[in-house]
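The structure appears right after this line, and notes come after that.
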Amino acid sequence: MNADEFSDKLLQLMPDLSEMLESRHTPKHCERIRASFAVPRVKDNSVGIQDPLLDLVTNFDVSKLEIGPVRFDLTYASDYRPSNRSIMFAKDDADYLVIDNHTREIALLDSQSDGFVIGYCAKDGAHFLDALLEMARRTRVHYPIDLHNLPVIDHCENARACASKAGGDKYLWFYQTALGCDKNE
């Protein structure tokens with residue numbers, strides 16, 4: 001999947017604004033939720049970035065994109081201590097999501113240390129985008145239209161599905177944490 005497909009599929013996950021307004025949420029709340037799933041392209045990929053995740057964070061407006069604990073607003077990028085080992089592209093709560101320059105794996109770095117890898121999140125940028133779409137699809141219920149008919153959520157099943165999209169069980173811990181899976185479920 002490329003960045004344009006990710007952007008299109010992400011927005012398709014959201015209900016129409018008119019349907020959201022019927023839920024008795026305020027228009028401002030509905031617009032804010034929809035804006036967090038809208039990532040329009042703002043620049044052409046003129047330099048030919050091959051990695052869809054790098055294309056997304058370089059050439060799209062991701063300033064409001066938030067899926068689960070993953071926030072793409074890079075106004076806090078100055079906090080990150082860059083290195084030749086990785087490229088920061090988002091945050092997960094207080095820690096940094098990075099692309100490892102050598103392996104292309106997506107890793108979570110501790111923000112309080114000098115590059116300590118807490119763990120890995122996906123095989124590469126394309127797999128991470130697939131996993132994020134799965135997370136968004138499965139957590140859309142957090143933006144419910146009908147508050148009285150919420151489905152029962154199996155967070156551990158959702159985490160397993162996201163890890164599968166990310167590249168396998170090696171990445172399961174990240175999605176278990178992100179989705180609130182109690183491993184005893």
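Chain labels run A, B, ... following the order of the structure tokens; each chain numbers its residues from 1, and ligands are numbered from 1 in the order shown.
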Residue set, chain A restricted to strand (DSSP E or B), as a VMD selection string: chain A and resid 41 60 66 to 67 70 to 71 86 to 92 95 to 100 106 to 109 117 to 122
If we count only C-alpha atoms and set the cut-off at 8 Å, which residues sit around region 41-54 of chain A, ignoring sequence neighbours fewer than 6 positions away in its own chain? Please answer as an mmCIF file with N, CA and C atoms, in the first residue's frame.
```cif
data_model
loop_
_atom_site.group_PDB
_atom_site.id
_atom_site.type_symbol
_atom_site.label_atom_id
_atom_site.label_comp_id
_atom_site.auth_asym_id
_atom_site.auth_seq_id
_atom_site.Cartn_x
_atom_site.Cartn_y
_atom_site.Cartn_z
ATOM 1 N N MET A 1 0.850 -1.174 0.000
ATOM 2 C CA MET A 1 0.000 0.000 0.000
ATOM 3 C C MET A 1 0.896 1.238 0.000
ATOM 4 N N ASN A 2 0.496 2.229 -0.755
ATOM 5 C CA ASN A 2 1.245 3.482 -0.739
ATOM 6 C C ASN A 2 0.535 4.506 0.148
ATOM 7 N N ALA A 3 1.155 5.659 0.324
ATOM 8 C CA ALA A 3 0.625 6.681 1.232
ATOM 9 C C ALA A 3 -0.731 7.221 0.771
ATOM 10 N N ASP A 4 -0.923 7.359 -0.543
ATOM 11 C CA ASP A 4 -2.214 7.847 -1.045
ATOM 12 C C ASP A 4 -3.337 6.863 -0.719
ATOM 13 N N PHE A 60 2.359 14.639 3.326
ATOM 14 C CA PHE A 60 0.955 14.757 3.698
ATOM 15 C C PHE A 60 0.840 15.606 4.955
ATOM 16 N N ASP A 61 -0.332 16.187 5.146
ATOM 17 C CA ASP A 61 -0.582 16.929 6.383
ATOM 18 C C ASP A 61 -1.046 15.925 7.431
ATOM 19 N N PHE A 89 9.198 9.689 13.323
ATOM 20 C CA PHE A 89 8.052 10.091 12.512
ATOM 21 C C PHE A 89 6.795 10.322 13.332
ATOM 22 N N GLY A 125 7.768 0.308 7.055
ATOM 23 C CA GLY A 125 6.756 1.358 6.978
ATOM 24 C C GLY A 125 5.440 0.910 6.370
ATOM 25 N N ALA A 126 5.498 0.109 5.319
ATOM 26 C CA ALA A 126 4.273 -0.362 4.672
ATOM 27 C C ALA A 126 3.467 -1.242 5.628
ATOM 28 N N PHE A 128 3.602 -1.113 8.869
ATOM 29 C CA PHE A 128 3.095 -0.272 9.947
ATOM 30 C C PHE A 128 1.816 0.441 9.516
ATOM 31 N N LEU A 129 1.783 0.938 8.290
ATOM 32 C CA LEU A 129 0.565 1.594 7.801
ATOM 33 C C LEU A 129 -0.597 0.601 7.734
#
```
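With distances restricted to only C-alpha atoms, A:Lys123 is the closest residue to Gly168 (chain A) from A:Val117, A:Met20, A:Lys123, A:Gln12.
Distances here use only C-alpha atoms; by that measure, the residue among A:Ser23, A:Ser164, A:Asn59, A:Asn101 closest to Glu134 (chain A) is A:Ser164.
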If we count only C-alpha atoms and set the cut-off at 8 Å, which residues sit around Leu179 (chain A), ignoring sequence neighbours fewer than 2 positions away in its own chain? Please answer as a list in words. Gly68, His155, Cys156, Asn158, Ala159, Tyr175, Gln176, Thr177 and Cys181 of chain A
For the residues in the current selection, export C-alpha atoms as a PDB file, in the first residue's frame.
```
ATOM      1  CA  GLY A  68      -4.815   4.950  19.222  1.00  0.00           C
ATOM      2  CA  HIS A 155      -8.815  -5.952  22.671  1.00  0.00           C
ATOM      3  CA  CYS A 156      -6.542  -9.002  22.520  1.00  0.00           C
ATOM      4  CA  ASN A 158      -7.680  -6.698  17.863  1.00  0.00           C
ATOM      5  CA  ALA A 159      -4.028  -6.654  18.953  1.00  0.00           C
ATOM      6  CA  TYR A 175      -0.521  -3.562  19.805  1.00  0.00           C
ATOM      7  CA  GLN A 176      -1.444  -5.246  23.079  1.00  0.00           C
ATOM      8  CA  THR A 177      -0.249  -2.149  24.901  1.00  0.00           C
ATOM      9  CA  CYS A 181      -5.182  -5.921  25.855  1.00  0.00           C
TER      10      CYS A 181
END
```
Residue contacts of region 37-40 of chain A (12 Å, only C-alpha atoms) excluding same-chain residues fewer than 2 positions away, as a PyMOL selection string: chain A and resi 3-15+30-35+42-44+55-68+71-73+132-133+136-137+140+143
Nearest to Leu108 (chain A) among A:His127, A:Glu157, A:Pro27, A:Met88, with distances taken over only C-alpha atoms: which residue is it? A:Met88
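Rounded to one decimal, CA of Asp169 (chain A) and CA of Asn84 (chain A) lie 27.6 Å from each other.
Between CA of Cys121 (chain A) and CA of Lys170 (chain A) lies a distance of 8.1 Å.
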